[in-house]
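Listing of coords.txt, compact mmCIF, C-alpha atoms
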```
# COMPACT_ATOMS: atom_id res chain seq x y z
CA MET A 1 -13.53 42.04 2.44
CA ASN A 2 -10.34 40.84 4.10
CA ILE A 3 -8.99 37.53 5.38
CA ARG A 4 -9.44 37.44 9.14
CA SER A 5 -8.28 34.01 10.34
CA PHE A 6 -7.91 30.35 9.45
CA ARG A 7 -8.30 26.91 10.96
CA LEU A 8 -6.64 23.59 10.12
CA TYR A 9 -8.24 20.20 10.78
CA LYS A 10 -6.30 16.93 10.46
CA VAL A 11 -9.05 14.37 9.89
CA PRO A 12 -9.18 10.63 9.15
CA PRO A 13 -8.42 8.75 7.06
CA ARG A 14 -5.36 10.81 5.96
CA TRP A 15 -6.56 14.30 5.08
CA LEU A 16 -5.97 17.92 6.10
CA PHE A 17 -8.76 20.49 5.73
CA LEU A 18 -8.26 24.26 5.78
CA LYS A 19 -10.96 26.83 6.56
CA ILE A 20 -10.21 30.48 5.74
CA GLU A 21 -12.47 33.03 7.44
CA THR A 22 -13.15 36.59 6.27
CA ASP A 23 -14.42 39.66 8.10
CA SER A 24 -17.58 39.58 5.95
CA GLY A 25 -18.67 36.21 7.31
CA ILE A 26 -17.90 34.28 4.09
CA ASP A 27 -15.65 31.30 4.67
CA GLY A 28 -13.78 29.09 2.20
CA TRP A 29 -12.49 25.53 2.40
CA GLY A 30 -9.40 23.94 0.90
CA GLU A 31 -7.53 20.65 1.14
CA PRO A 32 -3.75 21.17 1.53
CA ILE A 33 -2.19 17.76 2.04
CA VAL A 34 0.76 15.58 1.19
CA GLU A 35 -0.31 12.08 2.10
CA GLY A 36 1.89 10.99 5.01
CA ARG A 37 3.17 14.53 5.63
CA ALA A 38 0.08 16.29 7.04
CA ASP A 39 1.90 18.03 9.92
CA THR A 40 4.67 19.26 7.62
CA VAL A 41 2.17 20.80 5.21
CA ALA A 42 0.19 22.29 8.09
CA ALA A 43 3.34 24.10 9.24
CA CYS A 44 3.82 25.48 5.72
CA VAL A 45 0.18 26.65 5.56
CA LYS A 46 0.72 28.56 8.81
CA GLU A 47 3.80 30.27 7.39
CA LEU A 48 2.00 31.29 4.20
CA MET A 49 -1.16 32.44 5.98
CA ALA A 50 0.90 34.90 8.03
CA TYR A 51 1.24 36.90 4.81
CA LEU A 52 -2.42 36.56 3.82
CA ILE A 53 -4.08 37.68 7.05
CA GLY A 54 -5.62 41.11 6.42
CA LYS A 55 -5.42 40.78 2.63
CA ASN A 56 -8.24 40.86 0.09
CA PRO A 57 -9.07 37.20 -0.71
CA PHE A 58 -10.07 38.01 -4.30
CA ALA A 59 -6.50 38.73 -5.53
CA ILE A 60 -5.90 35.03 -6.10
CA GLU A 61 -3.32 35.29 -8.89
CA ASP A 62 -1.23 37.84 -7.00
CA HIS A 63 -1.40 35.85 -3.77
CA TRP A 64 -0.30 32.72 -5.67
CA GLN A 65 2.66 34.56 -7.18
CA VAL A 66 3.75 35.89 -3.80
CA MET A 67 3.43 32.49 -2.11
CA TYR A 68 5.42 30.83 -4.90
CA ARG A 69 7.96 33.50 -5.83
CA GLY A 70 8.19 35.34 -2.51
CA GLY A 71 10.73 32.84 -1.22
CA PHE A 72 14.13 32.20 -2.75
CA TYR A 73 13.48 28.42 -2.67
CA ARG A 74 10.30 27.32 -4.41
CA GLY A 75 8.34 24.38 -5.69
CA GLY A 76 8.14 20.83 -4.40
CA PRO A 77 5.33 18.89 -2.77
CA VAL A 78 5.15 20.63 0.62
CA LEU A 79 5.07 24.26 -0.54
CA CYS A 80 2.89 23.57 -3.57
CA SER A 81 0.40 21.50 -1.58
CA ALA A 82 0.09 24.21 1.07
CA MET A 83 -0.45 26.77 -1.69
CA SER A 84 -3.00 24.50 -3.38
CA GLY A 85 -5.24 24.24 -0.33
CA ILE A 86 -5.07 27.96 0.31
CA GLU A 87 -5.87 28.72 -3.34
CA GLN A 88 -8.88 26.36 -3.31
CA ALA A 89 -10.26 28.13 -0.25
CA LEU A 90 -9.81 31.55 -1.87
CA TRP A 91 -11.78 30.43 -4.94
CA ASP A 92 -14.47 29.08 -2.61
CA ILE A 93 -14.76 32.49 -0.96
CA LYS A 94 -14.80 34.38 -4.26
CA GLY A 95 -17.44 32.12 -5.78
CA LYS A 96 -19.67 32.41 -2.73
CA HIS A 97 -19.34 36.21 -2.80
CA TYR A 98 -20.34 36.46 -6.46
CA GLY A 99 -22.91 33.67 -6.27
CA MET A 100 -21.40 31.43 -8.97
CA PRO A 101 -19.54 28.12 -9.24
CA VAL A 102 -15.78 28.39 -9.60
CA TYR A 103 -15.80 27.03 -13.17
CA GLU A 104 -18.03 29.92 -14.25
CA MET A 105 -15.22 32.28 -13.23
CA LEU A 106 -12.73 30.25 -15.29
CA GLY A 107 -14.53 30.51 -18.61
CA GLY A 108 -17.70 28.54 -18.02
CA ALA A 109 -18.68 24.95 -18.68
CA ALA A 110 -17.22 23.08 -21.65
CA ARG A 111 -19.23 19.91 -20.91
CA GLU A 112 -22.47 18.78 -19.28
CA ARG A 113 -21.07 16.02 -17.04
CA VAL A 114 -17.76 14.44 -16.05
CA ARG A 115 -16.84 10.79 -16.46
CA VAL A 116 -15.42 9.19 -13.31
CA TYR A 117 -13.64 5.95 -12.53
CA SER A 118 -13.58 3.85 -9.39
CA TRP A 119 -10.69 2.04 -7.71
CA ILE A 120 -10.63 -1.73 -7.27
CA GLY A 121 -8.20 -3.79 -5.22
CA GLY A 122 -5.65 -2.34 -2.84
CA ASP A 123 -1.90 -1.93 -2.63
CA ARG A 124 -1.62 -5.72 -2.91
CA PRO A 125 -4.70 -6.33 -5.04
CA SER A 126 -6.72 -9.51 -4.75
CA ASP A 127 -10.19 -10.56 -5.97
CA VAL A 128 -9.99 -7.80 -8.57
CA ALA A 129 -12.27 -9.59 -11.01
CA ALA A 130 -15.13 -9.74 -8.49
CA ALA A 131 -14.53 -6.12 -7.48
CA ALA A 132 -14.61 -5.04 -11.12
CA LYS A 133 -17.91 -6.80 -11.64
CA ARG A 134 -19.38 -5.00 -8.62
CA LYS A 135 -18.32 -1.62 -9.97
CA GLN A 136 -19.78 -2.48 -13.34
CA ALA A 137 -23.08 -3.36 -11.65
CA GLU A 138 -22.99 0.01 -9.88
CA GLY A 139 -22.91 1.73 -13.27
CA PHE A 140 -19.24 2.64 -13.56
CA THR A 141 -17.81 2.38 -17.06
CA ALA A 142 -14.17 2.65 -15.99
CA ILE A 143 -12.03 1.33 -13.16
CA LYS A 144 -8.41 1.59 -12.05
CA MET A 145 -6.26 -0.96 -10.28
CA ASN A 146 -2.70 -1.30 -9.06
CA GLY A 147 -0.83 -3.28 -11.67
CA ALA A 148 1.97 -4.73 -9.57
CA GLU A 149 3.33 -5.20 -6.11
CA GLU A 150 6.97 -4.34 -5.44
CA MET A 151 9.19 -5.24 -8.37
CA HIS A 152 12.99 -5.36 -8.58
CA TYR A 153 15.07 -3.90 -11.42
CA ILE A 154 14.92 -7.29 -13.13
CA ASP A 155 12.32 -9.49 -11.49
CA THR A 156 11.06 -13.04 -11.80
CA THR A 157 8.80 -14.49 -14.44
CA SER A 158 6.27 -15.37 -11.77
CA ARG A 159 5.95 -11.74 -10.64
CA LEU A 160 5.49 -10.61 -14.22
CA ASP A 161 2.90 -13.31 -14.81
CA ALA A 162 1.00 -12.33 -11.65
CA ALA A 163 0.72 -8.71 -12.80
CA ILE A 164 -0.47 -9.73 -16.27
CA GLU A 165 -2.91 -12.29 -14.90
CA ARG A 166 -4.63 -9.68 -12.69
CA VAL A 167 -5.42 -7.51 -15.68
CA ALA A 168 -6.46 -10.54 -17.73
CA LEU A 169 -8.91 -11.63 -15.03
CA VAL A 170 -10.48 -8.19 -14.89
CA ARG A 171 -10.83 -7.95 -18.66
CA ALA A 172 -12.44 -11.40 -18.80
CA ALA A 173 -14.84 -10.44 -16.01
CA VAL A 174 -16.09 -7.11 -17.41
CA GLY A 175 -15.83 -7.61 -21.16
CA LYS A 176 -14.48 -5.22 -23.75
CA ASP A 177 -16.68 -2.19 -23.06
CA MET A 178 -15.35 -1.30 -19.59
CA GLU A 179 -12.17 0.77 -19.46
CA ILE A 180 -9.30 -0.43 -17.25
CA GLY A 181 -6.59 1.89 -15.99
CA VAL A 182 -3.49 0.10 -14.70
CA ASP A 183 -1.46 2.04 -12.13
CA PHE A 184 2.14 0.91 -11.61
CA HIS A 185 2.70 3.58 -8.93
CA GLY A 186 6.32 3.99 -9.98
CA ARG A 187 7.01 0.50 -8.57
CA VAL A 188 8.39 -0.82 -11.84
CA HIS A 189 11.81 -0.06 -13.26
CA ARG A 190 12.50 0.62 -16.93
CA ALA A 191 13.39 -2.92 -18.02
CA MET A 192 10.33 -4.51 -16.44
CA ALA A 193 8.06 -1.69 -17.63
CA LYS A 194 8.97 -2.53 -21.24
CA VAL A 195 8.06 -6.18 -20.75
CA LEU A 196 4.81 -5.44 -18.90
CA ALA A 197 3.65 -2.88 -21.44
CA ARG A 198 4.14 -5.33 -24.28
CA GLU A 199 2.41 -8.18 -22.47
CA LEU A 200 -0.57 -6.03 -21.45
CA GLU A 201 -1.38 -4.79 -24.95
CA PRO A 202 -3.85 -7.61 -25.78
CA PHE A 203 -6.06 -6.48 -22.86
CA ARG A 204 -6.37 -2.92 -24.21
CA PRO A 205 -5.93 -0.88 -21.01
CA MET A 206 -7.26 2.67 -21.03
CA PHE A 207 -3.78 3.70 -19.87
CA ILE A 208 -0.76 2.56 -17.88
CA GLU A 209 -0.01 5.03 -15.09
CA GLU A 210 3.42 5.91 -13.71
CA PRO A 211 5.09 2.95 -15.43
CA VAL A 212 8.35 4.44 -14.19
CA LEU A 213 9.15 6.97 -11.48
CA PRO A 214 8.68 10.63 -12.46
CA GLU A 215 12.39 11.31 -11.97
CA HIS A 216 13.07 8.88 -14.80
CA GLY A 217 11.10 10.80 -17.39
CA GLU A 218 13.67 10.01 -20.06
CA ALA A 219 12.67 6.33 -19.75
CA LEU A 220 9.23 7.21 -21.11
CA ARG A 221 10.88 7.81 -24.48
CA GLU A 222 12.03 4.21 -24.69
CA LEU A 223 8.80 2.85 -23.22
CA ALA A 224 6.71 4.73 -25.77
CA ARG A 225 8.61 2.90 -28.51
CA HIS A 226 7.60 -0.46 -27.03
CA THR A 227 3.86 0.02 -26.62
CA SER A 228 0.76 1.51 -28.15
CA ILE A 229 -0.97 1.74 -24.73
CA PRO A 230 -1.51 5.38 -23.69
CA ILE A 231 0.96 6.45 -21.00
CA ALA A 232 -0.32 8.50 -18.04
CA THR A 233 1.82 10.32 -15.48
CA GLY A 234 2.12 13.57 -13.55
CA GLU A 235 0.63 13.12 -10.07
CA ARG A 236 4.06 13.88 -8.56
CA LEU A 237 4.79 16.96 -10.65
CA TYR A 238 4.22 20.50 -9.40
CA THR A 239 3.20 23.70 -11.20
CA ARG A 240 3.26 24.33 -14.94
CA TRP A 241 7.07 24.33 -14.85
CA GLY A 242 7.06 20.75 -13.63
CA PHE A 243 4.93 19.72 -16.62
CA LYS A 244 6.73 21.83 -19.23
CA GLN A 245 9.44 19.34 -20.20
CA LEU A 246 7.09 16.35 -19.97
CA LEU A 247 4.75 17.94 -22.51
CA ALA A 248 7.58 19.14 -24.73
CA ASP A 249 9.08 15.62 -24.85
CA GLY A 250 5.79 14.26 -26.16
CA TYR A 251 5.85 10.81 -24.53
CA ALA A 252 2.91 11.20 -22.14
CA ASP A 253 -0.58 10.79 -23.59
CA ILE A 254 -2.47 11.66 -20.40
CA ILE A 255 -1.26 13.99 -17.65
CA GLN A 256 -2.55 13.71 -14.09
CA PRO A 257 -1.99 16.91 -12.11
CA ASP A 258 -3.26 16.79 -8.54
CA LEU A 259 -5.18 19.91 -7.55
CA SER A 260 -4.06 19.55 -3.93
CA HIS A 261 -0.40 19.20 -4.91
CA ALA A 262 0.34 20.92 -8.22
CA GLY A 263 -0.63 24.47 -7.24
CA GLY A 264 -4.42 24.61 -7.03
CA ILE A 265 -7.33 25.13 -9.38
CA LEU A 266 -6.10 27.95 -11.60
CA GLU A 267 -2.59 26.54 -11.85
CA CYS A 268 -3.99 23.20 -12.98
CA ARG A 269 -6.25 25.01 -15.45
CA LYS A 270 -3.09 26.51 -16.93
CA ILE A 271 -1.46 23.07 -17.02
CA ALA A 272 -4.53 21.65 -18.78
CA ALA A 273 -4.35 24.44 -21.36
CA MET A 274 -0.68 23.66 -21.96
CA ALA A 275 -1.57 20.00 -22.46
CA GLU A 276 -4.33 20.90 -24.92
CA ALA A 277 -1.74 22.70 -27.04
CA TYR A 278 0.23 19.41 -27.22
CA ASP A 279 -2.91 17.31 -27.95
CA VAL A 280 -2.59 15.60 -24.54
CA ALA A 281 -5.53 14.56 -22.37
CA VAL A 282 -5.95 15.34 -18.66
CA ALA A 283 -7.17 12.98 -15.93
CA PRO A 284 -6.74 14.79 -12.59
CA HIS A 285 -5.29 12.74 -9.76
CA CYS A 286 -7.54 12.70 -6.68
CA PRO A 287 -7.38 9.86 -4.14
CA LEU A 288 -8.29 12.48 -1.52
CA GLY A 289 -11.25 14.08 0.22
CA PRO A 290 -14.38 15.99 -0.81
CA ILE A 291 -12.82 19.44 -1.10
CA ALA A 292 -10.09 18.20 -3.43
CA LEU A 293 -12.65 16.32 -5.53
CA ALA A 294 -14.92 19.35 -5.81
CA SER A 295 -11.92 21.41 -6.92
CA CYS A 296 -11.19 18.82 -9.61
CA LEU A 297 -14.75 18.86 -10.88
CA HIS A 298 -14.60 22.61 -11.43
CA LEU A 299 -11.41 22.17 -13.45
CA ASP A 300 -13.03 19.29 -15.35
CA ALA A 301 -16.10 21.37 -16.14
CA CYS A 302 -14.17 24.10 -17.96
CA SER A 303 -11.37 22.03 -19.53
CA PRO A 304 -12.30 20.35 -22.83
CA ASN A 305 -9.34 17.95 -22.84
CA VAL A 306 -10.23 16.31 -19.52
CA LEU A 307 -10.71 12.61 -20.16
CA ILE A 308 -11.88 11.21 -16.84
CA GLN A 309 -11.79 11.99 -13.12
CA GLU A 310 -10.35 9.90 -10.30
CA GLN A 311 -12.39 9.83 -7.08
CA SER A 312 -11.88 8.03 -3.78
CA LEU A 313 -15.35 6.87 -2.70
CA GLY A 314 -14.90 3.36 -1.31
CA MET A 315 -11.14 3.44 -1.90
CA HIS A 316 -8.93 1.14 0.16
CA TYR A 317 -7.33 4.09 1.98
CA ASN A 318 -10.66 5.31 3.32
CA GLU A 319 -11.40 2.72 6.00
CA GLY A 320 -13.30 4.30 8.89
CA CYS A 321 -14.06 7.61 7.15
CA ASP A 322 -15.02 8.14 3.54
CA LEU A 323 -15.56 10.90 1.03
CA LEU A 324 -19.17 11.74 1.92
CA ASP A 325 -18.84 11.59 5.71
CA TYR A 326 -17.83 15.25 6.01
CA LEU A 327 -20.57 16.70 3.76
CA ARG A 328 -24.05 18.02 4.43
CA ASN A 329 -24.77 17.78 0.70
CA PRO A 330 -23.38 14.43 -0.46
CA ALA A 331 -25.70 14.44 -3.48
CA ILE A 332 -23.24 16.70 -5.35
CA PHE A 333 -21.16 13.55 -5.87
CA ALA A 334 -24.02 11.36 -7.07
CA TYR A 335 -22.64 9.07 -9.79
CA LYS A 336 -24.93 7.89 -12.57
CA ASP A 337 -23.96 5.71 -15.55
CA GLY A 338 -20.30 6.36 -14.81
CA TYR A 339 -20.64 10.17 -14.74
CA VAL A 340 -21.15 12.93 -12.22
CA GLY A 341 -23.03 16.14 -12.93
CA LEU A 342 -21.52 19.60 -12.77
CA ILE A 343 -21.67 21.40 -9.43
CA ASP A 344 -24.15 24.28 -9.71
CA ARG A 345 -23.65 25.79 -6.24
CA PRO A 346 -21.55 28.92 -5.54
CA GLY A 347 -17.87 28.53 -4.85
CA LEU A 348 -16.63 24.97 -4.67
CA GLY A 349 -20.16 23.85 -3.84
CA VAL A 350 -19.27 21.65 -0.86
CA ASP A 351 -21.28 22.17 2.32
CA ILE A 352 -18.78 20.98 4.92
CA ASP A 353 -20.21 19.57 8.15
CA GLU A 354 -17.86 21.44 10.45
CA ALA A 355 -19.21 19.76 13.57
CA LYS A 356 -18.27 16.40 12.08
CA VAL A 357 -14.89 17.79 11.01
CA LYS A 358 -14.15 19.00 14.55
CA GLN A 359 -15.28 15.68 16.01
CA MET A 360 -12.97 13.71 13.74
CA ALA A 361 -10.10 16.20 14.09
CA ALA A 362 -10.11 15.32 17.79
CA VAL A 363 -9.41 11.75 16.66
CA GLY A 364 -6.89 12.86 14.03
CA HIS A 365 -4.58 10.50 12.18
CA ASP A 366 -0.93 9.64 11.79
CA TRP A 367 -1.10 8.07 8.34
CA ARG A 368 2.23 7.17 6.79
CA SER A 369 3.18 5.61 3.47
CA PRO A 370 4.12 1.94 3.90
CA VAL A 371 7.79 0.98 3.72
CA TRP A 372 8.27 -2.05 1.48
CA ARG A 373 11.40 -4.13 1.00
CA HIS A 374 12.52 -6.66 -1.56
CA ALA A 375 13.49 -10.22 -0.59
CA ASP A 376 17.14 -9.13 -0.50
CA GLY A 377 16.40 -6.38 2.04
CA THR A 378 16.72 -3.37 -0.27
CA ILE A 379 13.96 -0.80 -0.07
CA ALA A 380 11.22 -1.12 -2.69
CA GLU A 381 9.00 1.55 -4.20
CA TRP A 382 5.56 1.72 -2.63
```
Translate the structure of the given file into structure tokens.
Amino acid sequence: MNIRSFRLYKVPPRWLFLKIETDSGIDGWGEPIVEGRADTVAACVKELMAYLIGKNPFAIEDHWQVMYRGGFYRGGPVLCSAMSGIEQALWDIKGKHYGMPVYEMLGGAARERVRVYSWIGGDRPSDVAAAAKRKQAEGFTAIKMNGAEEMHYIDTTSRLDAAIERVALVRAAVGKDMEIGVDFHGRVHRAMAKVLARELEPFRPMFIEEPVLPEHGEALRELARHTSIPIATGERLYTRWGFKQLLADGYADIIQPDLSHAGGILECRKIAAMAEAYDVAVAPHCPLGPIALASCLHLDACSPNVLIQEQSLGMHYNEGCDLLDYLRNPAIFAYKDGYVGLIDRPGLGVDIDEAKVKQMAAVGHDWRSPVWRHADGTIAEW
């Protein structure tokens, strides 16, 4: 079997799907995307696929090494995201050929089901208490919310109070048994992160996510001294080398590799194994589409230190098109009591409705990250 051709589909709300076709008739799907940079990643996929055409799709490790190490310059979001989508599609092909789910080829299941959480609120969250109650009624046992809007290096008491009040309202609405993840999205600088972490402790968050930007990893050392709340980070790190120092430093309690950014399924399995050696939990980042989520669930199935899985159904980014719209078998993502079952179909297990994909690719998208500014005109972290 050899790789014959490939197709790229840029589909709403902000995703890029890749289909790799073989001369045996078995096709595989992947999701190579950097949110807001779909065309850039598509160009990188085309460059990488020029090498893979005519190759055996089963040599996944060797293909990964060539894609990563075959160029003098390596790493970063664009290259690693292109590689991730290609790698996902190759696993999909291999699993379909051998008639087994991807996680069976990575050591087999280490659990019976995967806990998931649901997003509430948006970039500027409002009515979070009511949204949390709705998710609780739907059976979710964990939610995540943005913890703050833009915040300056040293910001006002009112902005701090607003962030704390949002979490307080959610905790009061859902009681003590529902887990609350608080995502700061790198919007908060070190000084404010220390204050917020201390003030949020009474509400017992499941974790605080990206309390500082990933390029300020040394600030996690100081933050860890100021709080007992678990610290989560890693969605903007790439490959095992990007996680190496973070794990060695010992200040992250939960790492969040993204299987469409960090290098794909096997690379994130290696990252999860590294984290296990440091007694660190894994909660894969996935505010993306159905192929990325299926890839995550295969990693979750075979990784004992996975804590919980992010998923984007009903997320604020997904207006107009949602996670299930591109599937012929949406039941694989049926959530019950806050969990989702393991995928028992060959490959990634997603039955992509290609007619729907083509229809929506004709619509396309031009999604871009918002540009925020502080009151003084300086650019703010989104």
Practice problem: Would you list the contacts of segment 51-56 of chain A as a ChimeraX atom specification, taking every protein, DNA or RNA residue within 12 Å and counting all atoms listed in the file, but skipping same-chain residues closer than 4 positions in sequence? | Solution: /A:1-6,20-24,44-47,60-64,66-67,70-71,83,86-87,90,93-94
Quiz item: What is the atom CA of Asp353 of chain A-atom CA of His316 of chain A distance in Å, reported with one decimal?
Solution: 23.0 Å
Practice problem: Name the residues in contact with Ala362 of chain A at a cut-off of 12 Å, using all atoms listed in the file, excluding same-chain residues fewer than 6 positions from it; report them as a ChimeraX atom specification. | Solution: /A:8-12,355-356
Generate a file of the selected residues that holds C-alpha atoms, formatted as a PDB file, in the frame of the given file.
```
ATOM      1  CA  LEU A   8      -6.640  23.590  10.120  1.00  0.00           C
ATOM      2  CA  TYR A   9      -8.240  20.200  10.780  1.00  0.00           C
ATOM      3  CA  LYS A  10      -6.300  16.930  10.460  1.00  0.00           C
ATOM      4  CA  VAL A  11      -9.050  14.370   9.890  1.00  0.00           C
ATOM      5  CA  PRO A  12      -9.180  10.630   9.150  1.00  0.00           C
ATOM      6  CA  ALA A 355     -19.210  19.760  13.570  1.00  0.00           C
ATOM      7  CA  LYS A 356     -18.270  16.400  12.080  1.00  0.00           C
TER       8      LYS A 356
END
```
Quiz item: Closest to Gly99 of chain A among A:Asp344, A:Asp127, A:Glu235, A:Asp177, using all atoms listed in the file?
Solution: A:Asp344
Quiz item: Could you work out how far atom CA of Met145 of chain A lies from atom CA of Ile180 of chain A, giving the answer in Å with one decimal?
Solution: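 Spanning atom CA of Ile180 of chain A to atom CA of Met145 of chain A is a straight-line distance of 7.6 Å.
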Practice problem: Would you kindly return, as an MDAnalysis selection string, each protein, DNA or RNA residue with an atom no farther than 8 Å from any atom of Gly349 of chain A, considering only C-alpha atoms and excluding same-chain residues fewer than 6 positions away? | Solution: chainID A and resid 92 101 294 332 343
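Nearest-residue note for Phe243 of chain A: choosing from A:His216, A:Arg225, A:Lys270, A:Lys133, the minimum distance belongs to A:Lys270, counting all atoms listed in the file.
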Practice problem: Excluding Val34 of chain A and residues on its chain fewer than 6 positions from it, collect all residues at most 9 Å away from it, counting all atoms listed in the file, and give them as an NGL selection string. | Solution: :A and (15-16 or 40-41 or 77-78 or 81-82 or 260-261)
Practice problem: Just give me the gap between atom CA of Gln256 of chain A and atom CA of Cys302 of chain A in Å, one decimal is fine. | Solution: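 Taking atom CA of Gln256 of chain A and atom CA of Cys302 of chain A, their separation equals 16.1 Å.
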Exercise. For Arg111 of chain A, please output as a list in words all residues within 8 Å (counting all atoms listed in the file; exclusion window: fewer than 2 positions along the same chain).
Key: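 Skipping anything fewer than 2 positions along the chain leaves Ala109, Arg113, Val114, Ala301, Cys302 and Pro304 of chain A.
Each of A:Glu201, A:Asp258, A:Glu104, A:Glu215 was compared to Ser303 of chain A using all atoms listed in the file, and A:Glu104 turns out to be the nearest.
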Self-check item: Using only C-alpha atoms: which of A:Leu18, A:Ala277, A:Ala172, A:Ile33 has the shortest distance to Glu354 of chain A
Solution: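 The answer is A:Leu18, which sits nearest to Glu354 of chain A.
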Quiz item: Which residue gives the smallest distance to Gln88 of chain A among A:Gly264, A:Gly338, A:Gly181, A:Pro287, with only C-alpha atoms counted?
Solution: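 Of A:Gly264, A:Gly338, A:Gly181, A:Pro287, the one nearest Gln88 of chain A, counting only C-alpha atoms, is A:Gly264.
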Quiz item: For Asp155 of chain A, which residue out of A:Leu196, A:Val128, A:Ile308, A:Val212 is the nearest one, using all atoms listed in the file?
Solution: A:Leu196
